[in-house]
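For reference, entry32.txt (compact mmCIF, C-alpha atoms and all ligand atoms):
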```txt
# COMPACT_ATOMS: atom_id res chain seq x y z
CA MET A 232 60.95 149.15 114.79
CA CYS A 233 63.90 151.47 114.50
CA TYR A 234 64.42 153.05 111.13
CA GLY A 235 66.69 155.77 109.88
CA GLY A 236 69.89 156.49 108.04
CA ARG A 237 73.40 155.19 108.42
CA ALA A 238 75.17 155.14 111.76
CA GLY A 239 72.03 155.78 113.77
CA GLY A 240 73.13 153.15 116.27
CA LYS A 241 70.31 150.74 115.40
CA SER A 242 72.37 147.58 115.10
CA TYR A 243 74.46 148.27 118.19
CA ALA A 244 71.45 149.17 120.31
CA PHE A 245 69.58 146.02 119.26
CA ALA A 246 72.63 143.83 119.84
CA ASP A 247 73.34 145.27 123.28
CA SER A 248 69.70 145.11 124.37
CA LEU A 249 69.26 141.53 123.25
CA LEU A 250 72.45 140.42 124.97
CA LEU A 251 71.22 142.06 128.15
CA LEU A 252 67.75 140.48 127.95
CA GLY A 253 69.30 137.11 127.22
CA ARG A 254 71.20 137.27 130.50
CA GLN A 255 68.00 137.85 132.49
CA LYS A 256 66.00 134.85 131.31
CA LYS A 257 65.99 132.09 128.78
CA LEU A 258 65.11 133.38 125.34
CA LEU A 259 65.28 131.99 121.85
CA ILE A 260 66.40 134.87 119.67
CA ALA A 261 66.39 134.56 115.88
CA CYS A 262 68.54 137.01 113.94
CA LEU A 263 66.99 137.19 110.52
CA ARG A 264 67.61 138.83 107.20
CA GLU A 265 66.40 138.24 103.68
CA ILE A 266 69.48 136.47 102.39
CA GLN A 267 72.22 134.91 104.46
CA ASP A 268 74.70 133.07 102.28
CA SER A 269 77.08 132.69 105.15
CA ILE A 270 77.15 133.52 108.81
CA LYS A 271 79.42 136.44 107.87
CA ASP A 272 76.38 138.22 106.44
CA SER A 273 74.66 138.14 109.79
CA VAL A 274 74.90 140.09 113.03
CA HIS A 275 76.80 137.14 114.52
CA LYS A 276 80.05 139.10 114.43
CA LEU A 277 78.53 142.21 115.94
CA LEU A 278 77.09 140.20 118.84
CA ALA A 279 80.41 138.41 119.34
CA ASP A 280 82.24 141.76 119.34
CA ARG A 281 79.88 143.23 121.91
CA ILE A 282 80.23 140.15 124.10
CA ALA A 283 84.01 140.55 123.97
CA PHE A 284 83.77 144.29 124.54
CA TYR A 285 81.70 143.90 127.71
CA GLY A 286 83.52 140.72 128.74
CA LEU A 287 80.29 138.72 129.06
CA SER A 288 81.84 135.37 129.89
CA ASP A 289 78.44 133.73 130.39
CA TYR A 290 78.00 133.81 126.61
CA LYS A 291 79.66 131.19 124.46
CA VAL A 292 80.11 132.00 120.79
CA TYR A 293 79.85 129.06 118.38
CA GLU A 294 80.26 129.04 114.60
CA ASP A 295 76.56 129.29 113.88
CA ARG A 296 74.95 130.21 117.19
CA ILE A 297 75.57 132.01 120.49
CA ASP A 298 74.47 130.49 123.79
CA ASN A 299 74.21 131.82 127.29
CA ARG A 300 75.46 129.13 129.65
CA VAL A 301 73.68 130.56 132.66
CA THR A 302 70.18 131.33 131.40
CA GLY A 303 70.09 129.00 128.41
CA THR A 304 69.38 131.82 125.97
CA ARG A 305 70.25 131.01 122.37
CA PHE A 306 70.82 133.23 119.34
CA ILE A 307 70.29 131.64 115.92
CA PHE A 308 70.95 133.18 112.50
CA LYS A 309 68.88 132.64 109.38
CA GLY A 310 68.12 133.98 105.94
CA LEU A 311 64.40 134.16 105.24
CA ARG A 312 64.60 133.48 101.54
CA GLU A 313 66.06 130.03 102.20
CA GLN A 314 63.15 129.12 104.46
CA ASP A 315 60.42 127.03 102.96
CA SER A 316 57.20 126.56 104.89
CA GLN A 317 58.67 123.44 106.58
CA LYS A 318 61.92 124.98 107.73
CA ILE A 319 60.23 128.10 109.01
CA LYS A 320 58.42 126.01 111.60
CA SER A 321 61.66 125.87 113.56
CA LEU A 322 61.04 129.55 114.28
CA GLU A 323 57.74 128.99 116.04
CA GLY A 324 59.35 128.86 119.47
CA VAL A 325 61.17 132.15 118.98
CA ASP A 326 60.75 134.80 121.69
CA ILE A 327 62.38 137.63 119.79
CA ALA A 328 62.96 137.81 116.05
CA TRP A 329 65.41 140.52 115.04
CA VAL A 330 64.86 141.40 111.40
CA GLU A 331 67.97 143.28 110.33
CA GLU A 332 68.16 145.37 107.11
CA ALA A 333 64.42 144.96 106.86
CA GLN A 334 64.20 147.15 103.76
CA SER A 335 65.38 144.08 101.82
CA ILE A 336 62.71 141.74 103.15
CA SER A 337 60.37 140.62 100.40
CA LYS A 338 56.62 140.64 100.77
CA ARG A 339 56.62 136.87 100.64
CA SER A 340 59.21 136.52 103.39
CA TRP A 341 57.29 138.89 105.62
CA GLU A 342 54.04 137.08 105.04
CA ILE A 343 55.66 133.81 106.07
CA LEU A 344 57.49 135.26 109.04
CA GLU A 345 54.78 137.32 110.70
CA PRO A 346 52.40 134.46 111.58
CA THR A 347 55.32 132.25 112.56
CA ILE A 348 56.37 134.48 115.44
CA ARG A 349 53.36 133.48 117.47
CA LYS A 350 54.56 132.46 120.91
CA ASP A 351 52.90 134.31 123.80
CA GLY A 352 54.82 137.47 124.54
CA SER A 353 56.97 137.12 121.45
CA GLU A 354 58.21 140.21 119.63
CA ILE A 355 59.58 141.14 116.24
CA TRP A 356 62.35 143.71 116.33
CA ILE A 357 62.94 145.45 113.05
CA SER A 358 65.92 147.59 112.05
CA MET A 359 65.82 149.20 108.66
CA ASN A 360 67.16 151.94 106.42
CA ARG A 361 64.15 152.66 104.23
CA LEU A 362 64.75 152.20 100.53
CA TYR A 363 61.46 153.09 98.88
CA GLU A 364 58.17 154.50 100.09
CA ASN A 365 56.60 151.08 99.75
CA ASP A 366 59.17 148.68 101.20
CA PRO A 367 57.01 145.64 102.09
CA VAL A 368 57.90 145.62 105.80
CA TRP A 369 57.34 149.35 106.06
CA THR A 370 53.97 149.03 104.39
CA ALA A 371 52.97 146.14 106.62
CA VAL A 372 54.20 147.54 109.94
CA ALA A 373 54.76 151.27 109.87
CA ALA A 374 52.53 152.77 107.22
CA ASN A 375 49.48 152.25 109.46
CA PRO A 376 50.88 151.24 112.82
CA ASP A 377 48.62 149.67 115.43
CA LYS A 378 48.85 150.02 119.19
CA ARG A 379 51.22 147.10 119.54
CA SER A 380 53.84 148.69 117.34
CA TRP A 381 56.61 150.91 118.60
CA ILE A 382 58.27 152.88 115.84
CA ARG A 383 61.18 155.28 116.10
CA ARG A 384 63.32 157.12 113.62
CA VAL A 385 66.98 157.33 114.60
CA ASN A 386 69.74 159.03 112.65
CA TYR A 387 73.44 159.64 113.15
CA CYS A 388 72.64 162.96 114.83
CA ASP A 389 70.64 161.05 117.47
CA ASN A 390 73.48 158.59 118.11
CA PRO A 391 75.65 159.82 120.99
CA PHE A 392 78.30 157.27 119.97
CA CYS A 393 78.40 158.27 116.33
CA PRO A 394 82.07 158.23 115.28
CA GLU A 395 83.45 161.62 114.23
CA GLU A 396 84.47 160.17 110.87
CA MET A 397 80.85 159.22 110.11
CA ARG A 398 79.62 162.63 111.18
CA LEU A 399 82.07 164.31 108.82
CA LEU A 400 81.04 162.04 105.96
CA ALA A 401 77.42 162.88 106.63
CA GLU A 402 78.05 166.64 106.69
CA LYS A 403 80.04 166.42 103.47
CA CYS A 404 77.19 164.58 101.82
CA ARG A 405 74.73 167.14 103.15
CA ARG A 406 76.68 169.92 101.46
CA GLU A 407 77.45 168.17 98.22
CA ASN A 408 74.44 166.05 97.52
CA PRO A 409 71.44 166.89 99.65
CA GLU A 410 69.12 164.43 97.92
CA ASN A 411 71.47 161.56 98.74
CA TYR A 412 71.94 162.94 102.23
CA GLN A 413 68.24 162.74 102.95
CA HIS A 414 68.19 159.14 101.88
CA ILE A 415 71.49 157.79 103.15
CA TRP A 416 71.85 159.71 106.38
CA MET A 417 68.37 160.89 107.34
CA GLY A 418 66.51 157.72 106.50
CA ALA A 419 64.14 159.19 103.94
CA PRO A 420 63.00 156.72 101.31
CA LEU A 421 64.00 157.32 97.72
CA SER A 422 60.96 158.90 96.22
CA GLN A 423 59.53 157.30 93.15
CA GLY A 424 57.76 159.85 91.05
CA ALA A 425 57.75 162.72 93.48
CA GLU A 426 60.69 165.04 93.19
CA ARG A 427 61.91 168.35 94.44
CA ILE A 428 60.81 171.39 92.51
CA ILE A 429 64.19 173.09 92.94
CA SER A 430 67.47 171.30 92.40
CA ALA A 431 70.16 171.47 95.06
CA THR A 432 72.82 171.95 92.39
CA ASP A 433 71.13 175.11 91.11
CA VAL A 434 70.95 176.55 94.61
CA ARG A 435 74.61 175.78 95.34
CA ARG A 436 75.59 177.39 92.04
CA ALA A 437 73.71 180.56 93.00
CA PHE A 438 75.49 180.54 96.37
CA GLU A 439 78.87 180.55 94.59
CA ARG A 440 78.04 183.29 92.16
CA LYS A 441 79.25 186.85 92.75
CA ILE A 442 77.50 189.64 90.89
CA ALA A 443 79.47 192.88 91.19
CA SER A 444 76.62 195.29 90.72
CA THR A 445 73.23 195.62 89.15
CA THR A 446 71.03 198.36 87.84
CA SER A 447 67.86 196.38 88.34
CA PRO A 448 65.25 197.87 90.64
CA LEU A 449 64.71 196.54 94.13
CA VAL A 450 61.77 194.22 94.69
CA VAL A 451 60.84 193.10 98.20
CA GLY A 452 58.98 189.94 99.15
CA LEU A 453 57.34 189.87 102.58
CA ASP A 454 56.18 186.60 104.10
CA ILE A 455 54.27 187.27 107.28
CA ALA A 456 54.29 184.75 110.13
CA ARG A 457 51.07 182.82 110.51
CA PHE A 458 51.88 180.76 113.56
CA GLY A 459 53.83 181.43 116.72
CA ASP A 460 57.04 179.75 115.66
CA ASP A 461 57.04 181.04 112.08
CA LYS A 462 59.13 184.04 111.15
CA THR A 463 58.19 187.21 109.33
CA VAL A 464 60.74 187.48 106.55
CA PHE A 465 61.66 190.20 104.07
CA CYS A 466 63.57 189.19 100.93
CA PHE A 467 65.42 191.81 98.88
CA ARG A 468 65.96 191.10 95.20
CA LYS A 469 67.38 193.23 92.42
CA GLY A 470 66.93 191.33 89.21
CA ARG A 471 69.40 188.47 89.29
CA LEU A 472 70.85 189.42 92.65
CA VAL A 473 69.27 188.62 96.00
CA THR A 474 70.98 191.00 98.38
CA GLY A 475 69.64 189.58 101.61
CA PHE A 476 66.90 188.48 103.98
CA GLU A 477 65.69 189.97 107.22
CA SER A 478 63.76 187.80 109.68
CA TYR A 479 61.68 188.85 112.65
CA GLY A 480 59.89 186.81 115.28
CA GLY A 481 57.00 187.81 117.51
CA LYS A 482 55.95 191.05 115.83
CA ASN A 483 52.39 192.32 115.70
CA ASN A 484 50.79 193.86 112.62
CA VAL A 485 51.69 197.44 113.48
CA GLU A 486 55.30 196.52 114.19
CA VAL A 487 55.60 194.66 110.90
CA ALA A 488 53.99 197.60 109.10
CA ASN A 489 56.51 199.97 110.74
CA ILE A 490 59.45 197.87 109.60
CA ALA A 491 57.97 197.73 106.10
CA THR A 492 57.47 201.49 106.15
CA ASN A 493 61.13 202.05 106.97
CA ILE A 494 62.18 199.72 104.21
CA ILE A 495 59.95 201.44 101.67
CA GLU A 496 61.15 204.89 102.65
CA GLU A 497 64.82 204.12 102.94
CA ARG A 498 65.48 201.53 100.27
CA ARG A 499 62.82 202.61 97.81
CA PRO A 500 61.70 199.29 96.34
CA VAL A 501 59.62 199.52 93.17
CA ARG A 502 57.39 196.81 94.58
CA LEU A 503 56.75 195.08 97.84
CA PHE A 504 54.79 191.88 97.43
CA MET A 505 53.23 190.54 100.56
CA ASP A 506 51.37 187.43 101.50
CA ILE A 507 47.91 188.48 102.67
CA GLY A 508 46.61 185.00 103.40
CA GLY A 509 46.63 185.29 107.19
CA GLN A 510 47.94 188.12 109.35
CA GLY A 511 49.24 189.82 106.23
CA ALA A 512 45.87 191.37 105.39
CA GLY A 513 46.10 193.61 108.46
CA VAL A 514 49.60 194.77 107.61
CA TYR A 515 48.53 195.41 104.05
CA ASP A 516 45.70 197.68 105.19
CA ILE A 517 48.01 199.72 107.41
CA LEU A 518 50.53 200.22 104.61
CA LYS A 519 47.82 201.15 102.17
CA ASP A 520 46.50 203.66 104.67
CA ARG A 521 49.93 205.18 104.90
CA GLY A 522 49.85 205.88 101.19
CA PHE A 523 51.99 203.06 99.84
CA GLY A 524 49.27 201.62 97.62
CA GLU A 525 51.43 202.12 94.53
CA ILE A 526 54.21 200.01 95.89
CA ILE A 527 52.58 197.22 97.83
CA ARG A 528 50.77 194.30 96.28
CA GLY A 529 48.89 191.64 98.22
CA VAL A 530 49.14 188.03 97.15
CA TYR A 531 47.23 184.96 98.33
CA PHE A 532 49.37 181.86 97.96
CA GLY A 533 46.26 179.81 97.47
CA GLU A 534 44.65 182.02 94.84
CA LYS A 535 44.28 181.23 91.16
CA ALA A 536 47.57 181.40 89.26
CA LEU A 537 48.11 184.08 86.61
CA LYS A 538 48.57 181.17 84.23
CA ALA A 539 45.80 179.05 85.65
CA ASP A 540 46.10 176.44 82.92
CA ARG A 541 49.63 175.59 84.00
CA TYR A 542 49.71 176.09 87.74
CA PHE A 543 47.49 174.78 90.50
CA ASN A 544 47.76 178.05 92.44
CA ARG A 545 49.80 181.17 92.86
CA ARG A 546 52.30 179.57 95.18
CA ALA A 547 53.21 176.85 92.67
CA GLU A 548 53.53 179.50 90.00
CA MET A 549 55.89 181.63 92.07
CA TRP A 550 58.02 178.68 93.14
CA ASP A 551 58.35 177.60 89.54
CA LYS A 552 59.54 181.13 88.78
CA ILE A 553 62.31 180.69 91.34
CA ASN A 554 63.15 177.38 89.71
CA ARG A 555 63.38 178.88 86.22
CA TRP A 556 65.29 181.88 87.48
CA LEU A 557 67.85 179.61 89.18
CA GLY A 558 68.20 177.56 86.01
CA GLU A 559 69.14 180.52 83.78
CA LEU A 560 72.74 181.15 82.76
CA PRO A 561 74.75 182.97 83.87
CA PRO A 562 73.31 182.03 87.21
CA PRO A 563 71.72 184.49 89.62
CA GLU A 564 73.20 185.12 93.05
CA LEU A 565 71.72 184.06 96.38
CA PRO A 566 73.26 184.75 99.78
CA ALA A 567 74.91 181.52 100.96
CA ASP A 568 72.47 180.66 103.72
CA GLU A 569 71.99 177.05 104.81
CA ASP A 570 68.46 177.66 106.10
CA LEU A 571 67.51 179.03 102.72
CA PHE A 572 69.16 176.02 101.10
CA ASP A 573 67.20 173.56 103.22
CA GLU A 574 63.96 175.38 102.53
CA LEU A 575 64.38 175.69 98.77
CA THR A 576 65.30 172.02 98.41
CA ALA A 577 62.65 170.65 100.77
CA VAL A 578 59.60 171.04 98.57
CA ASN A 579 58.33 168.30 96.27
CA LYS A 580 56.28 168.98 93.19
CA LYS A 581 53.37 167.00 91.86
CA PHE A 582 50.74 167.39 89.18
CA ASP A 583 47.03 167.68 89.66
CA GLY A 584 44.32 165.93 87.67
CA ARG A 585 44.59 168.60 84.98
CA GLY A 586 48.35 168.21 84.67
CA ARG A 587 49.02 171.50 86.42
CA LEU A 588 52.10 171.94 88.56
CA GLN A 589 51.34 171.79 92.25
CA LEU A 590 53.49 171.94 95.38
CA GLU A 591 53.14 169.27 98.00
CA ASP A 592 51.14 170.16 101.11
CA LYS A 593 52.75 172.60 103.47
CA ASP A 594 52.29 170.14 106.33
CA GLU A 595 54.50 167.60 104.55
CA VAL A 596 57.17 170.23 104.01
CA LYS A 597 56.93 171.26 107.63
CA LYS A 598 57.39 167.68 108.76
CA ARG A 599 60.48 167.32 106.62
CA LEU A 600 61.95 170.69 107.52
CA GLY A 601 60.75 171.11 111.08
CA ARG A 602 59.46 174.60 110.25
CA SER A 603 57.83 176.60 107.48
CA PRO A 604 59.97 177.60 104.51
CA ASP A 605 59.59 181.29 105.35
CA LYS A 606 62.68 182.60 103.57
CA ALA A 607 61.95 180.62 100.44
CA ASP A 608 58.36 181.88 100.46
CA ALA A 609 59.60 185.46 100.82
CA LEU A 610 61.86 184.90 97.81
CA ALA A 611 58.93 183.37 95.91
CA LEU A 612 56.88 186.50 96.62
CA THR A 613 59.43 188.67 94.79
CA PHE A 614 58.31 186.77 91.69
CA ALA A 615 54.61 187.38 92.20
CA GLU A 616 54.28 189.59 89.11
CA PRO A 617 56.70 190.93 86.57
CA VAL A 618 58.10 194.27 87.66
CA TYR A 619 59.04 196.86 85.10
CA ASP A 620 61.65 199.45 85.80
CA TYR A 621 60.21 202.92 85.42
CA GLY A 622 63.42 204.35 86.72
CA MET A 623 62.11 205.78 89.92
CA PRO A 624 60.47 204.56 93.02
CA LYS A 625 56.84 205.50 93.32
CA LEU A 626 56.77 207.19 96.63
CA TYR A 627 54.66 210.18 95.74
CA GLY A 628 51.21 210.42 97.13
CA ASN A 629 52.07 209.49 100.65
CA GLY A 630 53.13 212.98 101.61
CA LYS A 631 56.57 211.84 102.67
CA VAL A 632 58.47 212.88 99.56
CA SER A 633 58.77 216.50 98.63
CA VAL A 634 58.16 217.68 95.10
CA GLU A 635 61.85 218.66 94.84
CA GLU A 636 62.89 215.23 95.91
CA MET A 637 60.59 213.73 93.34
CA PHE A 638 62.13 215.76 90.56
CA SER A 639 65.65 214.98 91.62
CA LEU A 640 64.78 211.31 91.61
CA ALA A 641 63.26 211.65 88.18
CA GLU A 642 66.38 213.37 86.88
CA ARG A 643 68.56 210.46 87.86
CA GLY A 644 66.42 208.75 85.35
CA LYS A 645 66.13 205.28 84.04
CA ASN A 646 68.57 202.60 85.17
CA SER A 647 69.98 204.91 87.74
CA GLY A 648 70.74 202.04 90.04
CA TRP A 649 67.67 201.93 92.23
N1 LIG A 701 76.40 151.63 122.30
C1 LIG A 701 77.42 152.01 121.52
N2 LIG A 701 78.66 152.08 122.02
C2 LIG A 701 79.68 152.46 121.25
N3 LIG A 701 79.59 152.81 119.98
C3 LIG A 701 78.40 152.77 119.42
C4 LIG A 701 77.24 152.38 120.15
N4 LIG A 701 76.18 152.46 119.34
C5 LIG A 701 76.66 152.86 118.15
N5 LIG A 701 77.97 153.07 118.18
C6 LIG A 701 78.81 153.58 117.09
O1 LIG A 701 77.97 154.10 116.09
C7 LIG A 701 78.19 153.46 114.85
C8 LIG A 701 76.87 153.28 114.15
O2 LIG A 701 76.05 152.41 114.88
P1 LIG A 701 75.26 151.23 114.14
O3 LIG A 701 76.15 150.48 113.22
O4 LIG A 701 74.55 150.49 115.18
O5 LIG A 701 74.25 152.11 113.31
P2 LIG A 701 73.08 151.65 112.32
O6 LIG A 701 71.94 152.56 112.61
O7 LIG A 701 72.86 150.20 112.43
O8 LIG A 701 73.68 152.06 110.96
P3 LIG A 701 73.68 151.34 109.52
O9 LIG A 701 72.45 151.78 108.87
O10 LIG A 701 74.91 151.92 108.87
O11 LIG A 701 73.73 149.86 109.76
C9 LIG A 701 78.89 152.16 115.18
O12 LIG A 701 79.75 151.78 114.14
C10 LIG A 701 79.64 152.50 116.44
O13 LIG A 701 80.88 153.05 116.11
MG MG A 702 73.01 148.61 111.07
```
Translate this file's structure into C-alpha cells.
Ligand SMILES: Nc1ncnc2c1ncn2[C@@H]1O[C@H](COP(=O)(O)OP(=O)(O)OP(=O)(O)O)[C@@H](O)[C@H]1O
Ligand SMILES: [Mg+2]
Amino acid sequence: MCYGGRAGGKSYAFADSLLLLGRQKKLLIACLREIQDSIKDSVHKLLADRIAFYGLSDYKVYEDRIDNRVTGTRFIFKGLREQDSQKIKSLEGVDIAWVEEAQSISKRSWEILEPTIRKDGSEIWISMNRLYENDPVWTAVAANPDKRSWIRRVNYCDNPFCPEEMRLLAEKCRRENPENYQHIWMGAPLSQGAERIISATDVRRAFERKIASTTSPLVVGLDIARFGDDKTVFCFRKGRLVTGFESYGGKNNVEVANIATNIIEERRPVRLFMDIGGQGAGVYDILKDRGFGEIIRGVYFGEKALKADRYFNRRAEMWDKINRWLGELPPPELPADEDLFDELTAVNKKFDGRGRLQLEDKDEVKKRLGRSPDKADALALTFAEPVYDYGMPKLYGNGKVSVEEMFSLAERGKNSGW
C-alpha cells in the first residue's frame, strides 16, 4: 500500500511498475476502483500515456483493456460496486489487483475482493489518499498490518518528479490553510471528533500583528531539553507581545543555568517559569542556589492543574491559556516563525472521562511534527501562573544588585516599562 497526499507519485509509480512487470512475464492485472461508470474513470488513460511516453510497442491499447503481445499480460478495468458475487469470480485468476483511490472502497467491496484475489503469489496493490481515520481499506489493511503487508506514506515532497506548479499550490495551502494542507497534501485523514487546540487562523493573525510598545513586565518561559534532539528554549513575553525565542542544543545543566542567569540579570524578568519535569530540576536548583528564588518558578507539565476540575493537567491548562490569549481582540503579537506555527497547530485536544480538557499524547505530536514542540511549550510556560506587575524586578537577595541600584529601580516605579 502507498498512501499519502496529492501528487505523491503513487499512480505513476504503480502504472510504471506494473507495465514493467507485465513485460517480464504473463500477468493478469485488474485495475479496480469502487465505481467505474466509464473507462475514463479508470487508470486506462494513465497506462496508455505511459506506454506512449516510453514507446512500449509490445503493448496494445484497446478500448477496455491493454494487452502485451509478447508476454500475454493483460490489464482489465473494473468498478467493484458493479460486481455481484457471480461477476467477481472473473477476478479469481488475477495476479495483481491494483485498487486505486482506495479511500472510496466500501467495506462490502473490500470484503468481496480480498478473498477473491487468491491465486498463489497474487498481490493487492493499494493506492489511497486517506479520507477518514476509519476508511474501510485502511482499517482492514493498515491499522494493524501483518507481515505480508508493505505500507508506505508518500507525499509530494517525496516525489522527485513533482511538478513545480503542484509544489507551489501545496506551499500556498500550507500557509493559508494548514488543516487542509495536512489532509490534502500530507495524507492525514480528516479527524472526526479530535481537533487542534489552537487554530491556525489565530496564530497567523498574531504573526501579522505589530504592537509598537508595551509597559507589561517581562515573563520568561524555559523549556529544558529532555532528549538528545530536543532543544532548550527560552520564550520572552511581555503581556500581549512575545518578543522572541532563543533555542540552544546540547547544553548541560550548568550551561543552561548560566544562560538563565545572564537573562535574569540583564533583562530583569519578573518571573521565569521553568519545566522541572526532567533535566530542569537540576537547573532549578542551581538558580535557586544563586539567589533567584524570587524570580524562578518550577512547573511540572504533568502535575495537577490549578483548576483541576477543568484541566487534566498543568500542560493542558497552560496550552488553553495560549489558546484564549490568541483568541482575544485586539490580537497579541507573536514573532512570525514557521516552526512555532507548526508546533502550535500540531496538538489535538481531547476530553477525559471527567470532561476535563486534555492534550493528546506527546508521542502522537512528535510523530506528526517530527520533533517536540519545544518553542510552543516554552510559550505555554509563560502562562504557568498569573504574574502581577509590582513595578520592579525582584533581584534583591542574590547579592548582585546594590542597594542604590535597588532604590533607583524602585524610583522608576510602576509601569516603568520593565
Ligand atoms: N515517474 C514519473 N515521471 C514523471 N513524472 C512523474 C512521475 N511520477 C510522478 N510524476 C509527476 O508527479 C505528478 C503526481 O504523480 P501522481 O499523479 O502519480 O501522484 P498521486 O500520488 O497519485 O497523486 P493523487 O493523489 O493526486 O492522485 C504527476 O502528475 C506527474 O507530473
Ligand atoms: Mg493518483
For ligand MG 702 (chain A), return the neighbouring residues as an NGL selection string (distance at most 7 Å; only C-alpha atoms and all ligand atoms). :A and (238 or 240-242)
Could you give me the residues within 9 Å of ligand LIG 701 (chain A), counting all atoms listed in the file, as a PyMOL selection string? chain A and resi 233-247+281+331-332+358-360+385-387+390-394+397+415-416+418
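If you measure from each of A:Arg599, A:Lys535, A:Arg541, A:Arg440 to Leu565 of chain A using all atoms listed in the file, the closest one turns out to be A:Arg440.
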All residues 10 Å or closer to Asp268 of chain A, all atoms listed in the file, same chain fewer than 5 positions away omitted, as a tab-separated table (two decimals) with C-alpha atoms, in the coordinates of the input:
```
chain	number	residue	atom	x	y	z
A	273	SER	CA	74.66	138.14	109.79
A	309	LYS	CA	68.88	132.64	109.38
A	310	GLY	CA	68.12	133.98	105.94
A	313	GLU	CA	66.06	130.03	102.20
```
Residues near segment 426-431 of chain A, anyone? I mean within 10 Å using only C-alpha atoms, not counting same-chain ones fewer than 6 positions away, as a compact mmCIF listing (two decimals) with C-alpha atoms, in the coordinates of the input.
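Saved as selection-v5.txt:
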```
# COMPACT_ATOMS: atom_id res chain seq x y z
CA ARG A 406 76.68 169.92 101.46
CA GLU A 407 77.45 168.17 98.22
CA ASN A 408 74.44 166.05 97.52
CA PRO A 409 71.44 166.89 99.65
CA GLU A 410 69.12 164.43 97.92
CA ALA A 437 73.71 180.56 93.00
CA ALA A 547 53.21 176.85 92.67
CA TRP A 550 58.02 178.68 93.14
CA ASP A 551 58.35 177.60 89.54
CA ILE A 553 62.31 180.69 91.34
CA ASN A 554 63.15 177.38 89.71
CA ARG A 555 63.38 178.88 86.22
CA LEU A 557 67.85 179.61 89.18
CA GLY A 558 68.20 177.56 86.01
CA PHE A 572 69.16 176.02 101.10
CA ASP A 573 67.20 173.56 103.22
CA GLU A 574 63.96 175.38 102.53
CA LEU A 575 64.38 175.69 98.77
CA THR A 576 65.30 172.02 98.41
CA ALA A 577 62.65 170.65 100.77
CA VAL A 578 59.60 171.04 98.57
CA ASN A 579 58.33 168.30 96.27
CA LYS A 580 56.28 168.98 93.19
CA LYS A 581 53.37 167.00 91.86
CA LEU A 588 52.10 171.94 88.56
CA GLN A 589 51.34 171.79 92.25
CA LEU A 590 53.49 171.94 95.38
CA GLU A 591 53.14 169.27 98.00
```
Using all atoms listed in the file, what table do you get, as a Markdown table, when you list each residue of segment 344-372 of chain A with an atom no more than 9 Å from segment 319-330 of chain A, its nearest pair of atoms, and their distance in Å rounded to one decimal, rows by chain then rising number?
```
| residue | atom | partner | partner_atom | distance |
| --- | --- | --- | --- | --- |
| A:Leu344 | CA | A:Ile319 | CA | 7.7 |
| A:Pro346 | CA | A:Glu323 | CA | 8.9 |
| A:Thr347 | CA | A:Glu323 | CA | 5.3 |
| A:Ile348 | CA | A:Glu323 | CA | 5.7 |
| A:Arg349 | CA | A:Glu323 | CA | 6.4 |
| A:Lys350 | CA | A:Gly324 | CA | 6.2 |
| A:Asp351 | CA | A:Asp326 | CA | 8.1 |
| A:Gly352 | CA | A:Asp326 | CA | 7.1 |
| A:Ser353 | CA | A:Asp326 | CA | 4.4 |
| A:Glu354 | CA | A:Ile327 | CA | 4.9 |
| A:Ile355 | CA | A:Ala328 | CA | 4.7 |
| A:Trp356 | CA | A:Trp329 | CA | 4.6 |
| A:Ile357 | CA | A:Val330 | CA | 4.8 |
| A:Ser358 | CA | A:Val330 | CA | 6.3 |
| A:Met359 | CA | A:Val330 | CA | 8.3 |
```
When you look at Thr474 of chain A with a cut-off of 12 Å (counting all atoms listed in the file), what residues show up, excluding the ones that are within fewer than 3 positions of it in the same chain? I need them as a PDB file with C-alpha atoms, keeping the file's coordinate frame.
```pdb
ATOM      1  CA  PHE A 438      75.490 180.540  96.370  1.00  0.00           C
ATOM      2  CA  LYS A 441      79.250 186.850  92.750  1.00  0.00           C
ATOM      3  CA  ILE A 442      77.500 189.640  90.890  1.00  0.00           C
ATOM      4  CA  ALA A 443      79.470 192.880  91.190  1.00  0.00           C
ATOM      5  CA  SER A 444      76.620 195.290  90.720  1.00  0.00           C
ATOM      6  CA  THR A 445      73.230 195.620  89.150  1.00  0.00           C
ATOM      7  CA  SER A 447      67.860 196.380  88.340  1.00  0.00           C
ATOM      8  CA  PRO A 448      65.250 197.870  90.640  1.00  0.00           C
ATOM      9  CA  LEU A 449      64.710 196.540  94.130  1.00  0.00           C
ATOM     10  CA  VAL A 450      61.770 194.220  94.690  1.00  0.00           C
ATOM     11  CA  VAL A 451      60.840 193.100  98.200  1.00  0.00           C
ATOM     12  CA  PHE A 465      61.660 190.200 104.070  1.00  0.00           C
ATOM     13  CA  CYS A 466      63.570 189.190 100.930  1.00  0.00           C
ATOM     14  CA  PHE A 467      65.420 191.810  98.880  1.00  0.00           C
ATOM     15  CA  ARG A 468      65.960 191.100  95.200  1.00  0.00           C
ATOM     16  CA  LYS A 469      67.380 193.230  92.420  1.00  0.00           C
ATOM     17  CA  GLY A 470      66.930 191.330  89.210  1.00  0.00           C
ATOM     18  CA  ARG A 471      69.400 188.470  89.290  1.00  0.00           C
ATOM     19  CA  GLU A 477      65.690 189.970 107.220  1.00  0.00           C
ATOM     20  CA  PRO A 563      71.720 184.490  89.620  1.00  0.00           C
ATOM     21  CA  GLU A 564      73.200 185.120  93.050  1.00  0.00           C
ATOM     22  CA  LEU A 565      71.720 184.060  96.380  1.00  0.00           C
ATOM     23  CA  PRO A 566      73.260 184.750  99.780  1.00  0.00           C
ATOM     24  CA  ALA A 567      74.910 181.520 100.960  1.00  0.00           C
ATOM     25  CA  ASP A 568      72.470 180.660 103.720  1.00  0.00           C
ATOM     26  CA  LEU A 610      61.860 184.900  97.810  1.00  0.00           C
TER      27      LEU A 610
END
```
Counting only C-alpha atoms, the option among A:Arg587, A:Ile507, A:Ala279, A:Gly481 closest to Ala539 of chain A: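 Among the listed residues, A:Arg587 lies closest to Ala539 of chain A.
By chain and then residue number, the residues within 8 Å of Val368 of chain A are Ala333, Gln334, Ile336, Ser337, Lys338, Trp341, Val372 and Ala373 of chain A, counting only C-alpha atoms and disregarding those fewer than 4 positions away in sequence.
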Residues just named, written with C-alpha atoms as a tab-separated table (two decimals), keeping the file's coordinate frame:
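Dumped everything to out.tsv:
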```tsv
chain	number	residue	atom	x	y	z
A	333	ALA	CA	64.42	144.96	106.86
A	334	GLN	CA	64.20	147.15	103.76
A	336	ILE	CA	62.71	141.74	103.15
A	337	SER	CA	60.37	140.62	100.40
A	338	LYS	CA	56.62	140.64	100.77
A	341	TRP	CA	57.29	138.89	105.62
A	372	VAL	CA	54.20	147.54	109.94
A	373	ALA	CA	54.76	151.27	109.87
```
